[in-house]
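S.K.: Below is run.cif; it holds mmCIF, C-alpha atoms.
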```cif
data_coords
#
loop_
_atom_site.label_atom_id
_atom_site.label_comp_id
_atom_site.auth_asym_id
_atom_site.auth_seq_id
_atom_site.Cartn_x
_atom_site.Cartn_y
_atom_site.Cartn_z
CA MET A 1 124.60 124.71 106.48
CA LYS A 2 122.79 127.43 104.56
CA ARG A 3 119.39 127.61 102.91
CA LEU A 4 119.77 129.31 99.53
CA LEU A 5 117.20 130.27 96.91
CA SER A 6 117.23 128.78 93.43
CA GLU A 7 115.23 129.23 90.24
CA PRO A 8 113.11 126.10 89.57
CA ARG A 9 113.66 124.41 86.23
CA PRO A 10 110.78 125.20 83.83
CA ASP A 11 110.06 121.50 83.28
CA TRP A 12 110.83 120.29 86.84
CA LYS A 13 107.50 118.48 87.27
CA GLN A 14 107.90 116.40 84.12
CA LYS A 15 111.49 115.57 85.02
CA ILE A 16 110.86 114.35 88.56
CA GLU A 17 107.95 112.21 87.36
CA GLU A 18 110.14 110.64 84.68
CA GLN A 19 112.63 109.85 87.46
CA GLY A 20 109.98 108.09 89.54
CA LEU A 21 108.79 110.85 91.85
CA VAL A 22 105.16 110.63 90.77
CA PHE A 23 103.73 111.40 94.20
CA SER A 24 104.77 115.05 94.61
CA THR A 25 101.32 116.64 94.32
CA THR A 26 98.87 116.37 97.23
CA THR A 27 95.29 117.60 96.89
CA MET A 28 93.97 119.08 100.11
CA PRO A 29 90.35 118.66 101.29
CA ASP A 30 89.55 122.19 100.04
CA GLY A 31 90.90 121.34 96.59
CA LYS A 32 94.16 123.21 97.00
CA LYS A 33 97.22 121.43 95.62
CA ILE A 34 100.54 121.44 97.44
CA GLU A 35 103.87 120.12 96.20
CA TYR A 36 106.23 117.87 98.12
CA TRP A 37 109.20 118.51 95.82
CA ASN A 38 110.58 122.03 96.24
CA GLU A 39 113.54 123.20 94.18
CA ALA A 40 112.94 126.91 94.76
CA ALA A 41 115.57 126.49 97.48
CA TYR A 42 118.41 124.16 98.43
CA TYR A 43 120.58 123.50 101.46
CA GLU A 44 124.33 123.78 101.14
CA PHE A 45 126.79 122.01 103.46
CA THR A 46 130.49 122.51 103.94
CA MET A 47 132.62 119.41 103.47
CA ASP A 48 133.57 119.54 107.15
CA GLU A 49 129.90 119.41 108.10
CA VAL A 50 129.30 116.40 105.86
CA GLU A 51 132.29 114.52 107.24
CA THR A 52 131.24 115.24 110.82
CA LEU A 53 127.63 114.19 110.20
CA GLU A 54 128.74 111.02 108.42
CA VAL A 55 130.73 109.98 111.50
CA THR A 56 127.73 110.85 113.68
CA ALA A 57 125.37 108.67 111.65
CA GLU A 58 127.77 105.72 111.58
CA ASP A 59 128.46 105.95 115.31
CA MET A 60 124.75 106.19 115.99
CA HIS A 61 124.10 103.10 113.87
CA LYS A 62 126.59 101.12 115.98
CA MET A 63 124.96 102.41 119.15
CA CYS A 64 121.54 101.43 117.81
CA LEU A 65 122.74 97.86 117.29
CA GLU A 66 123.78 97.74 120.94
CA ALA A 67 120.44 99.20 121.95
CA ALA A 68 118.69 96.55 119.84
CA LYS A 69 120.54 93.83 121.76
CA PHE A 70 119.34 95.45 124.99
CA LEU A 71 115.72 95.62 123.79
CA ALA A 72 115.93 91.99 122.67
CA THR A 73 116.51 90.92 126.28
CA GLY A 74 113.00 92.07 127.17
CA THR A 75 114.30 94.33 129.93
CA MET A 76 112.12 97.17 128.63
CA GLY A 77 109.10 94.91 128.06
CA ASN A 78 107.55 93.72 124.82
CA ILE A 79 107.73 97.25 123.31
CA GLY A 80 104.30 96.93 121.75
CA ILE A 81 105.09 93.95 119.52
CA GLY A 82 104.38 91.04 121.90
CA PRO A 83 106.63 88.29 123.27
CA GLN A 84 106.67 86.10 120.15
CA ALA A 85 107.67 88.97 117.86
CA LEU A 86 110.32 90.05 120.36
CA GLU A 87 111.71 86.52 120.41
CA LEU A 88 111.74 86.39 116.60
CA ALA A 89 113.57 89.73 116.44
CA ALA A 90 116.10 88.49 119.00
CA GLU A 91 116.73 85.30 116.99
CA SER A 92 117.18 87.33 113.81
CA LEU A 93 119.62 89.67 115.54
CA GLN A 94 121.59 86.75 116.97
CA ALA A 95 121.77 85.18 113.49
CA ALA A 96 123.06 88.49 112.06
CA ASP A 97 120.52 88.41 109.22
CA MET A 98 121.71 90.79 106.50
CA ASP A 99 120.01 94.15 106.10
CA VAL A 100 120.21 96.79 103.38
CA TYR A 101 119.30 100.30 104.50
CA GLY A 102 117.87 102.71 107.01
CA ARG A 103 117.27 106.44 107.46
CA PHE A 104 118.05 108.48 110.54
CA ASP A 105 116.19 111.72 111.20
CA PHE A 106 118.41 114.36 112.79
CA ILE A 107 118.02 117.94 113.94
CA TYR A 108 120.93 120.08 112.75
CA ASP A 109 121.15 123.85 112.39
CA GLY A 110 124.66 124.42 111.04
CA GLN A 111 125.58 126.66 113.98
CA GLY A 112 128.31 124.43 115.37
CA GLY A 113 126.32 122.40 117.87
CA PRO A 114 125.97 118.62 117.67
CA ALA A 115 123.22 117.05 115.59
CA LYS A 116 120.42 115.49 117.65
CA MET A 117 118.86 112.17 116.68
CA LEU A 118 115.08 112.17 116.45
CA GLU A 119 114.51 108.57 115.34
CA TYR A 120 115.71 105.72 113.14
CA ASN A 121 113.47 104.61 110.27
CA ALA A 122 115.19 101.28 109.81
CA ASP A 123 112.49 98.85 108.66
CA THR A 124 110.48 100.57 105.92
CA PRO A 125 112.19 103.91 105.26
CA THR A 126 110.79 105.97 102.41
CA GLY A 127 112.01 109.20 100.84
CA LEU A 128 114.42 107.14 98.77
CA ILE A 129 113.68 108.20 95.19
CA GLU A 130 113.89 111.90 95.93
CA ALA A 131 117.12 111.51 97.94
CA ALA A 132 118.92 109.01 95.70
CA VAL A 133 117.67 110.00 92.26
CA ALA A 134 115.64 113.21 91.83
CA GLN A 135 118.01 115.52 93.69
CA TRP A 136 121.02 114.08 91.84
CA PHE A 137 119.47 114.93 88.46
CA TRP A 138 118.51 118.37 89.80
CA LEU A 139 122.18 118.89 90.63
CA GLN A 140 123.29 117.90 87.12
CA ASP A 141 120.83 120.36 85.58
CA VAL A 142 121.37 123.29 87.94
CA PHE A 143 124.80 122.99 89.57
CA PRO A 144 126.80 120.37 87.64
CA GLU A 145 130.03 121.86 88.91
CA LYS A 146 129.08 121.21 92.56
CA ASP A 147 129.21 118.18 94.79
CA GLN A 148 126.23 116.65 96.60
CA TRP A 149 125.93 114.52 99.70
CA ASN A 150 124.50 111.57 97.84
CA GLY A 151 126.03 108.17 97.16
CA ILE A 152 122.84 106.28 97.97
CA HIS A 153 122.22 104.72 94.57
CA GLU A 154 125.69 103.23 94.25
CA ALA A 155 125.68 102.01 97.86
CA LEU A 156 122.40 100.15 97.37
CA ILE A 157 123.76 98.33 94.32
CA ARG A 158 126.91 97.37 96.25
CA GLN A 159 124.87 96.01 99.14
CA TRP A 160 122.58 93.96 96.93
CA LYS A 161 125.66 92.51 95.22
CA LYS A 162 127.13 91.66 98.62
CA MET A 163 123.90 89.98 99.68
CA GLN A 164 123.82 87.88 96.54
CA TYR A 165 127.44 86.84 97.06
CA ARG A 166 126.94 85.93 100.71
CA THR A 167 123.62 84.12 100.35
CA GLY A 168 124.10 82.43 96.98
CA MET A 169 120.55 83.51 96.07
CA SER A 170 119.69 84.91 92.65
CA THR A 171 115.91 85.50 92.66
CA LEU A 172 114.41 88.35 94.65
CA HIS A 173 110.72 88.99 95.23
CA ILE A 174 109.84 92.61 95.97
CA ALA A 175 106.56 93.45 97.66
CA HIS A 176 104.65 96.50 98.82
CA SER A 177 101.14 97.12 100.09
CA GLU A 178 98.71 98.37 97.48
CA ALA A 179 96.72 99.98 100.31
CA GLU A 180 99.11 102.95 100.12
CA GLU A 181 97.45 105.13 97.48
CA SER A 182 99.89 107.98 96.81
CA GLY A 183 102.20 105.79 94.73
CA GLU A 184 105.19 106.33 97.01
CA ASP A 185 105.43 102.76 98.25
CA TRP A 186 104.90 101.40 94.75
CA MET A 187 107.66 103.58 93.32
CA THR A 188 110.02 102.90 96.21
CA ALA A 189 109.57 99.18 95.65
CA ALA A 190 110.08 99.69 91.92
CA TYR A 191 113.28 101.59 92.57
CA MET A 192 114.57 98.91 94.90
CA ARG A 193 113.76 96.37 92.20
CA ASP A 194 115.79 98.45 89.78
CA VAL A 195 118.94 98.67 91.92
CA ALA A 196 118.71 94.97 92.80
CA SER A 197 118.45 94.14 89.09
CA GLN A 198 121.54 96.24 88.42
CA ALA A 199 123.27 94.19 91.12
CA GLY A 200 122.49 90.98 89.24
CA TRP A 201 119.28 89.74 90.87
CA THR A 202 116.34 88.37 88.91
CA THR A 203 113.45 90.33 90.42
CA ILE A 204 109.75 89.53 90.69
CA GLY A 205 107.19 92.11 91.85
CA ILE A 206 104.23 91.15 94.02
CA ASN A 207 101.65 92.77 96.30
CA MET A 208 101.82 91.85 99.97
CA SER A 209 98.20 90.65 99.78
CA ASP A 210 99.12 88.21 96.98
CA ILE A 211 101.70 86.30 98.99
CA GLY A 212 100.41 82.77 99.59
CA TRP A 213 101.29 79.75 101.72
CA ASP A 214 101.76 76.30 100.21
CA PRO A 215 101.10 73.63 102.88
CA ASN A 216 102.88 70.98 100.82
CA LEU A 217 106.06 73.01 100.45
CA ASN A 218 105.53 74.54 103.88
CA ARG A 219 106.77 77.81 102.37
CA PHE A 220 105.49 81.18 101.23
CA VAL A 221 104.80 81.31 97.48
CA ASP A 222 103.92 83.85 94.80
CA LEU A 223 100.97 83.90 92.40
CA ASP A 224 102.66 81.30 90.17
CA ASN A 225 103.16 79.04 93.19
CA PHE A 226 106.88 79.76 92.94
CA MET A 227 108.59 79.42 96.30
CA ILE A 228 109.80 82.74 97.71
CA SER A 229 113.40 82.37 98.84
CA THR A 230 114.39 86.03 99.33
CA MET A 231 111.86 88.82 99.80
CA PHE A 232 112.25 92.59 100.04
CA LYS A 233 109.08 93.91 101.62
CA LEU A 234 108.04 97.51 102.06
CA TYR A 235 105.67 96.61 104.85
CA PRO A 236 106.29 96.99 108.60
CA TRP A 237 107.15 93.93 110.63
CA GLU A 238 104.73 94.80 113.42
CA LEU A 239 101.88 94.72 110.88
CA MET A 240 103.12 91.49 109.31
CA MET A 241 103.04 89.81 112.71
CA LYS A 242 99.36 90.74 113.10
CA GLU A 243 98.30 89.39 109.72
CA PRO A 244 96.51 86.00 109.46
CA PHE A 245 99.80 84.50 108.24
CA GLY A 246 101.76 86.11 111.06
CA HIS A 247 102.22 82.88 113.01
CA ARG A 248 104.01 81.41 109.97
CA LEU A 249 106.74 84.01 110.39
CA LEU A 250 107.80 82.37 113.64
CA GLN A 251 108.99 79.30 111.72
CA ARG A 252 112.37 80.69 110.66
CA ALA A 253 113.40 77.47 108.95
CA HIS A 254 110.42 77.73 106.57
CA ASN A 255 110.65 81.45 105.88
CA PRO A 256 112.25 83.45 103.09
CA ARG A 257 115.25 85.58 103.78
CA TRP A 258 113.36 88.77 104.65
CA VAL A 259 114.76 92.17 103.77
CA GLU A 260 114.58 94.08 105.94
CA PRO A 261 115.14 91.28 108.53
CA ALA A 262 113.07 90.74 111.67
CA TRP A 263 115.62 92.42 113.93
CA LYS A 264 114.73 95.73 112.30
CA MET A 265 111.58 95.60 114.48
CA LEU A 266 113.86 96.69 117.30
CA LEU A 267 115.37 99.65 115.44
CA SER A 268 112.18 101.02 113.90
CA ASN A 269 110.42 101.04 117.28
CA LYS A 270 110.48 104.35 119.19
CA ALA A 271 111.41 102.37 122.32
CA LEU A 272 114.87 102.44 120.75
CA LEU A 273 115.14 106.08 121.83
CA ALA A 274 114.64 105.20 125.48
CA ALA A 275 117.06 102.26 125.21
CA LEU A 276 119.73 104.53 123.70
CA TRP A 277 119.36 107.09 126.49
CA HIS A 278 119.50 104.29 129.07
CA LEU A 279 122.74 102.93 127.60
CA TYR A 280 124.36 106.22 126.60
CA PRO A 281 123.07 108.91 128.99
CA ASP A 282 124.17 112.46 128.17
CA HIS A 283 125.52 111.48 124.75
CA PRO A 284 125.80 114.74 122.77
CA ASN A 285 123.85 113.40 119.78
CA LEU A 286 120.96 112.02 121.82
CA LEU A 287 117.90 113.63 123.38
CA PRO A 288 116.71 112.30 126.75
CA ALA A 289 113.94 109.73 126.22
CA TYR A 290 111.81 107.55 128.48
CA LEU A 291 109.35 104.74 127.91
CA ASN A 292 105.67 105.10 128.94
CA GLU A 293 106.05 108.39 130.85
CA PRO A 294 107.91 111.73 130.64
CA GLY A 295 110.00 110.98 133.71
CA PRO A 296 111.97 114.12 134.61
CA LEU A 297 111.16 115.88 131.32
CA LYS A 298 109.34 119.21 131.56
CA GLU A 299 109.17 119.75 127.80
CA TRP A 300 108.56 116.69 125.70
CA VAL A 301 107.34 115.10 122.50
CA ALA A 302 105.29 111.93 122.97
CA LYS A 303 105.74 109.47 120.09
CA PRO A 304 103.71 106.28 119.58
CA LEU A 305 106.06 103.33 119.37
CA HIS A 306 104.93 102.47 115.83
CA GLY A 307 103.93 105.90 114.56
CA ARG A 308 104.74 107.30 111.12
CA GLU A 309 104.70 110.66 109.34
CA GLY A 310 103.99 112.54 112.56
CA ASP A 311 100.72 110.71 113.26
CA ASN A 312 99.50 110.98 116.89
CA ILE A 313 102.55 112.91 118.05
CA LYS A 314 101.93 115.09 121.09
CA VAL A 315 104.06 118.15 121.82
CA HIS A 316 104.22 119.75 125.26
CA ALA A 317 106.53 122.77 125.31
CA PRO A 318 106.35 126.50 126.05
CA GLY A 319 103.90 128.04 123.62
CA ILE A 320 103.19 124.67 121.98
CA SER A 321 100.48 122.22 122.93
CA LEU A 322 99.28 120.05 120.10
CA GLU A 323 98.31 116.51 119.25
CA GLN A 324 98.31 115.10 115.73
CA PRO A 325 95.50 112.80 114.60
CA GLY A 326 96.10 109.23 113.49
CA GLY A 327 95.62 105.60 114.41
CA TYR A 328 98.64 104.89 116.60
CA GLY A 329 99.31 104.90 120.32
CA ARG A 330 97.67 101.77 121.70
CA GLU A 331 101.02 99.98 121.40
CA GLY A 332 102.67 102.38 123.86
CA TRP A 333 104.58 105.65 123.93
CA CYS A 334 108.07 107.05 124.13
CA TYR A 335 108.63 110.52 125.59
CA GLN A 336 111.56 112.43 124.12
CA GLN A 337 112.97 115.77 125.20
CA PHE A 338 111.50 118.58 123.08
CA HIS A 339 114.06 120.24 120.85
CA ALA A 340 112.90 122.95 118.47
CA LEU A 341 113.65 122.43 114.79
CA PRO A 342 115.97 124.98 113.16
CA ASP A 343 114.28 128.01 111.63
CA PHE A 344 115.39 129.16 108.19
CA ASP A 345 112.97 132.00 107.44
CA GLY A 346 110.02 129.96 108.63
CA ASN A 347 111.25 126.69 107.13
CA HIS A 348 112.11 123.94 109.60
CA PRO A 349 114.40 121.24 108.16
CA VAL A 350 115.07 117.68 109.34
CA LEU A 351 118.06 115.83 107.91
CA GLY A 352 117.38 112.30 106.70
CA LEU A 353 120.76 110.57 106.87
CA TRP A 354 120.81 107.35 104.88
CA VAL A 355 122.84 104.38 106.09
CA VAL A 356 123.60 101.33 103.94
CA ASP A 357 125.45 98.40 105.52
CA GLY A 358 126.40 100.63 108.45
CA GLU A 359 127.92 103.31 106.21
CA SER A 360 126.59 106.86 105.90
CA VAL A 361 125.89 107.36 102.21
CA GLY A 362 123.72 110.42 101.69
CA CYS A 363 121.23 112.98 102.92
CA GLY A 364 117.66 113.93 102.06
CA ILE A 365 116.16 117.05 103.65
CA ARG A 366 112.50 117.57 104.45
CA GLU A 367 111.24 120.87 105.80
CA SER A 368 107.96 121.86 107.40
CA ASP A 369 106.14 125.04 108.37
CA GLY A 370 105.58 123.88 111.94
CA PRO A 371 107.22 121.84 114.69
CA ILE A 372 106.25 118.43 113.25
CA THR A 373 107.55 116.96 110.00
CA ASP A 374 104.32 115.47 108.64
CA TYR A 375 102.56 114.54 105.38
CA PHE A 376 102.69 118.16 104.20
CA CYS A 377 106.44 118.68 104.46
CA ARG A 378 108.63 119.56 101.49
CA PHE A 379 111.70 117.80 100.12
CA VAL A 380 114.53 120.25 99.33
CA PRO A 381 117.74 119.17 97.52
CA ASN A 382 121.26 119.69 98.85
CA THR A 383 124.71 120.60 97.62
CA ILE A 384 128.18 120.61 99.15
CA ASP A 385 130.24 123.77 98.92
CA ALA A 386 132.91 121.92 96.98
CA PRO A 387 133.58 121.04 93.34
CA ALA A 388 132.08 117.86 91.95
CA PRO A 389 134.51 114.93 92.02
CA LEU A 390 136.17 114.37 88.66
CA SER A 391 134.62 110.91 88.46
CA ALA A 392 131.15 112.38 88.92
CA GLN A 393 131.79 115.00 86.26
CA ALA A 394 132.85 112.28 83.85
CA LEU A 395 129.77 110.23 84.62
CA SER A 396 127.54 113.23 84.11
CA SER A 397 129.11 114.13 80.79
CA THR A 398 128.75 110.62 79.40
CA SER A 399 125.32 109.95 80.94
CA SER A 400 126.73 106.77 82.48
CA LYS A 401 124.63 107.36 85.55
CA SER A 402 121.39 107.49 83.58
CA SER A 403 120.54 104.08 85.03
CA LYS A 404 119.30 106.06 88.02
CA ALA A 405 116.29 106.98 85.93
CA GLY A 406 115.67 103.46 84.71
CA ILE A 407 113.08 102.59 87.33
CA ALA A 408 111.04 99.57 86.28
CA LEU A 409 107.42 100.74 86.34
#
```
As a first step, turn the structure in this file into structure tokens.
M.R.:
Amino acid sequence: MKRLLSEPRPDWKQKIEEQGLVFSTTTMPDGKKIEYWNEAAYYEFTMDEVETLEVTAEDMHKMCLEAAKFLATGTMGNIGIGPQALELAAESLQAADMDVYGRFDFIYDGQGGPAKMLEYNADTPTGLIEAAVAQWFWLQDVFPEKDQWNGIHEALIRQWKKMQYRTGMSTLHIAHSEAEESGEDWMTAAYMRDVASQAGWTTIGINMSDIGWDPNLNRFVDLDNFMISTMFKLYPWELMMKEPFGHRLLQRAHNPRWVEPAWKMLLSNKALLAALWHLYPDHPNLLPAYLNEPGPLKEWVAKPLHGREGDNIKVHAPGISLEQPGGYGREGWCYQQFHALPDFDGNHPVLGLWVVDGESVGCGIRESDGPITDYFCRFVPNTIDAPAPLSAQALSSTSSKSSKAGIAL
């Protein structure tokens, strides 16, 4: 893996916004503007690296499912979600409720050593539009002759088609929380609505706060009092369980088919890291991790069980002692062995490996200036040091893949 420089397209900002990435610019408290999208550089993989990392991600997904079964037993406690939520997650896992996607975060430096898993964002993963759409169009504009580690868009459509076939459902409600102000959640939900529509679903958008309960139907309903049968929600399960309607979620027979399903509570929880290390000690792709305390670790990163975007993370390592602000931590902590991020001329990348239906389907790379990948990181596109597949070249030349830009706003 190499980090190479590239000349940004003159109209890059307009293009990424047209493709749905409307949340690139962040205004700092001092008025300075920073950009999330960065095409002044790109990361290039060899095909061997991609194939190795794909196997790693798929093996890790299988291991995570086993770790979820272990967490569901309650052996490691209620993992910050409470006994009722744990029971609901266990029932959902036992029922094999269908899921769609997830994103692993891995450390990888391209120097021949094994990738190390940092966490699994399996319930409400974001970073989707930039990984699935924006970097693909960047490739067509800048390096159309090259390949890219990116089959996310097509995989999502396949999985939504599979879900429709298996469930017999045809109407899909898609919800996000309007409390998120950057526009990322809104656009991610809009993109998911787009790929589901391409898969044949009739989609209906709704805010999480507008979901109602009809006591006569004994079901969740939308603003038109239409019963919700299948719901994609970009809202964490642990927060749903704490809402006033949370107790209704325990009545599985009267609930929609939730996507992502309740068992994703077990995979999105940082306790998963400790469960994995317990089940697979010394696995080359894992970092030692322990629940509630560092255990034997001398250098560690403390992660709140429900934390996001680096909030509240504590780092204790030689030359590093820091604690990020945020509102997490009361639910409990997982302590993971500290492992420095790679350093590419002061840029520290983390690989986001996307998994759809258990299959590794693409990569999105975020890089930071420091040891924590936080709100101020940058997304950098990728290429593979290989020619574009003939099918991709044909699609590019005929604009058949332009549906990637057809996000329903």
S.K.: Can you give me, as a list in words, the residues this file yields under the PyMOL selection byres ((chain A and resi 268-283) around 6)?
M.R.: Ala67, Tyr120, Asn121, Ala122, Asp123, Met265, Leu266, Leu267, Pro284, Asn285, Leu286, Pro288, Ala289, Tyr290, Leu291, Leu305 and His306 of chain A
S.K.: Suppose you want the space between atom CA of A:Phe379 and atom CA of A:Trp237; what is it in Å?
M.R.: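 Going from atom CA of A:Phe379 over to atom CA of A:Trp237, I get 26.5 Å.
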S.K.: So what does the PyMOL selection byres ((chain A and resi 212) around 12) actually pick up in this one, as a PDB file with C-alpha atoms, keeping the file's coordinate frame?
M.R.:
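Heads up, here's the output in selection.pdb:
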```
ATOM      1  CA  ILE A 206     104.230  91.150  94.020  1.00  0.00           C
ATOM      2  CA  ASN A 207     101.650  92.770  96.300  1.00  0.00           C
ATOM      3  CA  MET A 208     101.820  91.850  99.970  1.00  0.00           C
ATOM      4  CA  SER A 209      98.200  90.650  99.780  1.00  0.00           C
ATOM      5  CA  ASP A 210      99.120  88.210  96.980  1.00  0.00           C
ATOM      6  CA  ILE A 211     101.700  86.300  98.990  1.00  0.00           C
ATOM      7  CA  TRP A 213     101.290  79.750 101.720  1.00  0.00           C
ATOM      8  CA  ASP A 214     101.760  76.300 100.210  1.00  0.00           C
ATOM      9  CA  PRO A 215     101.100  73.630 102.880  1.00  0.00           C
ATOM     10  CA  LEU A 217     106.060  73.010 100.450  1.00  0.00           C
ATOM     11  CA  ASN A 218     105.530  74.540 103.880  1.00  0.00           C
ATOM     12  CA  ARG A 219     106.770  77.810 102.370  1.00  0.00           C
ATOM     13  CA  PHE A 220     105.490  81.180 101.230  1.00  0.00           C
ATOM     14  CA  VAL A 221     104.800  81.310  97.480  1.00  0.00           C
ATOM     15  CA  ASP A 222     103.920  83.850  94.800  1.00  0.00           C
ATOM     16  CA  LEU A 223     100.970  83.900  92.400  1.00  0.00           C
ATOM     17  CA  ASP A 224     102.660  81.300  90.170  1.00  0.00           C
ATOM     18  CA  ASN A 225     103.160  79.040  93.190  1.00  0.00           C
ATOM     19  CA  PHE A 226     106.880  79.760  92.940  1.00  0.00           C
ATOM     20  CA  MET A 227     108.590  79.420  96.300  1.00  0.00           C
ATOM     21  CA  ILE A 228     109.800  82.740  97.710  1.00  0.00           C
ATOM     22  CA  PRO A 244      96.510  86.000 109.460  1.00  0.00           C
ATOM     23  CA  PHE A 245      99.800  84.500 108.240  1.00  0.00           C
ATOM     24  CA  ARG A 248     104.010  81.410 109.970  1.00  0.00           C
TER      25      ARG A 248
END
```
S.K.: May I have the protein, DNA and RNA residues with an atom at most 8 Å from (108.6, 90.1, 123.0), counting all atoms listed in the file in the file's coordinates, returned as a list in words?
M.R.: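 Those residues, ordered by chain and then number, are Ala72, Gly74, Gly77, Asn78, Ile79, Ile81, Gly82, Pro83, Gln84, Ala85, Leu86 and Glu87 of chain A.
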S.K.: For the file shown, what are the residues hit by the PyMOL selection byres ((chain A and resi 175-188) around 8), laid out as JSON, numbers by chain?
M.R.: {"A": [20, 21, 22, 23, 126, 128, 129, 173, 174, 189, 190, 191, 192, 205, 206, 207, 208, 209, 231, 232, 233, 234, 235, 409]}
S.K.: How many Å separate atom CA of A:Glu119 from atom CA of A:Tyr335?
M.R.: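 That distance, rounded to one decimal, is 12.0 Å.
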S.K.: Expressed in Å to a single decimal, how great is the separation between atom CA of A:Thr203 and atom CA of A:Gln19?
M.R.: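 Value for the atom CA of A:Thr203-atom CA of A:Gln19 distance: 19.8 Å.
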S.K.: For A:Glu39, work out the shell of residues within 12 Å, counting only C-alpha atoms and skipping chain neighbours fewer than 4 positions away, then give it as a PyMOL selection string.
M.R.: chain A and resi 3-13+16+24+35+43+130+134-135+137-139+141-142+365-366+378-383
S.K.: Please save C-alpha atoms of the selected residues as a compact mmCIF listing (two decimals), keeping the file's coordinate frame.
M.R.:
```
# COMPACT_ATOMS: atom_id res chain seq x y z
CA ARG A 3 119.39 127.61 102.91
CA LEU A 4 119.77 129.31 99.53
CA LEU A 5 117.20 130.27 96.91
CA SER A 6 117.23 128.78 93.43
CA GLU A 7 115.23 129.23 90.24
CA PRO A 8 113.11 126.10 89.57
CA ARG A 9 113.66 124.41 86.23
CA PRO A 10 110.78 125.20 83.83
CA ASP A 11 110.06 121.50 83.28
CA TRP A 12 110.83 120.29 86.84
CA LYS A 13 107.50 118.48 87.27
CA ILE A 16 110.86 114.35 88.56
CA SER A 24 104.77 115.05 94.61
CA GLU A 35 103.87 120.12 96.20
CA TYR A 43 120.58 123.50 101.46
CA GLU A 130 113.89 111.90 95.93
CA ALA A 134 115.64 113.21 91.83
CA GLN A 135 118.01 115.52 93.69
CA PHE A 137 119.47 114.93 88.46
CA TRP A 138 118.51 118.37 89.80
CA LEU A 139 122.18 118.89 90.63
CA ASP A 141 120.83 120.36 85.58
CA VAL A 142 121.37 123.29 87.94
CA ILE A 365 116.16 117.05 103.65
CA ARG A 366 112.50 117.57 104.45
CA ARG A 378 108.63 119.56 101.49
CA PHE A 379 111.70 117.80 100.12
CA VAL A 380 114.53 120.25 99.33
CA PRO A 381 117.74 119.17 97.52
CA ASN A 382 121.26 119.69 98.85
CA THR A 383 124.71 120.60 97.62
```
S.K.: Nearest to A:Arg193 among A:Glu154, A:Ala95, A:Trp160, A:Gln148, with distances taken over all atoms listed in the file: which residue is it?
M.R.: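 Looking at the shortest contact to A:Arg193, the residue is A:Trp160.
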S.K.: Could you build a table of the residues in stretch 237-293 of chain A lying no more than 10 Å from stretch 98-105 of chain A, giving for each the nearest pair of atoms and their separation in Å rounded to one decimal place, using only C-alpha atoms, ordered by chain and ascending residue number, as a Markdown table?
M.R.:
```
| residue | atom | partner | partner_atom | distance |
| --- | --- | --- | --- | --- |
| A:Arg257 | CA | A:Met98 | CA | 8.7 |
| A:Trp258 | CA | A:Asp99 | CA | 8.7 |
| A:Val259 | CA | A:Asp99 | CA | 6.1 |
| A:Glu260 | CA | A:Asp99 | CA | 5.4 |
| A:Pro261 | CA | A:Asp99 | CA | 6.2 |
| A:Ala262 | CA | A:Asp99 | CA | 9.5 |
| A:Trp263 | CA | A:Asp99 | CA | 9.1 |
| A:Lys264 | CA | A:Asp99 | CA | 8.3 |
| A:Leu267 | CA | A:Gly102 | CA | 9.3 |
| A:Ser268 | CA | A:Gly102 | CA | 9.1 |
```
S.K.: Go ahead and write the residues just picked, C-alpha atoms, as a short mmCIF file (atom, residue, chain, number, x, y, z; two decimals), in the frame of the given file.
M.R.:
```
data_model
loop_
_atom_site.label_atom_id
_atom_site.label_comp_id
_atom_site.auth_asym_id
_atom_site.auth_seq_id
_atom_site.Cartn_x
_atom_site.Cartn_y
_atom_site.Cartn_z
CA ARG A 257 115.25 85.58 103.78
CA TRP A 258 113.36 88.77 104.65
CA VAL A 259 114.76 92.17 103.77
CA GLU A 260 114.58 94.08 105.94
CA PRO A 261 115.14 91.28 108.53
CA ALA A 262 113.07 90.74 111.67
CA TRP A 263 115.62 92.42 113.93
CA LYS A 264 114.73 95.73 112.30
CA LEU A 267 115.37 99.65 115.44
CA SER A 268 112.18 101.02 113.90
#
```
S.K.: Find the residue from A:Ala317, A:Ile152, A:Leu239, A:Ala57 that sits nearest to A:Gly364; use all atoms listed in the file when measuring.
M.R.: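 Counting all atoms listed in the file, the residue closest to A:Gly364 is A:Ile152.
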S.K.: Of the residues A:Asn255, A:Gln336, A:Thr167, A:Ser368, which is the one nearest to A:His316, using only C-alpha atoms?
M.R.: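 Of all the options, A:Gln336 lies closest to A:His316.
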S.K.: Around (114.9, 115.6, 129.7) in the file's own coordinates, what residues are found within 9 Å if you use all atoms listed in the file, given back as a list in words?
M.R.: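 The residues that fall inside the cut-off are Leu287, Pro288, Ala289, Tyr290, Pro294, Gly295, Pro296, Leu297, Lys298, Glu299, Trp300, Gln336, Gln337 and Phe338 of chain A.
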S.K.: Which is closest to A:Val195 among A:Val350, A:Val133, A:Val50, A:Leu118, if we use only C-alpha atoms?
M.R.: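 Result for the nearest residue to A:Val195: A:Val133.
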S.K.: Pick out the closest residue to A:Pro342 from this set: A:Met63, A:Met76, A:Ala115, A:Leu250. Count all atoms listed in the file.
M.R.: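 With all atoms listed in the file as the atom set, the closest residue is A:Ala115.
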S.K.: Of the candidates A:Pro125, A:Gly346, A:Gly151, A:Pro236, which one gets nearest to A:Ser360 if we count all atoms listed in the file?
M.R.: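 Residue with the minimum atom-to-atom distance to A:Ser360: A:Gly151.
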S.K.: Show which residues sit within 12 Å of A:Glu54, as JSON, numbers by chain. Count only C-alpha atoms, and ignore same-chain residues fewer than 6 positions away.
M.R.: {"A": [47, 48, 60, 61, 104, 106, 115, 149, 150, 151, 351, 352, 353, 354, 355, 356, 358, 359, 360, 361, 362, 363]}
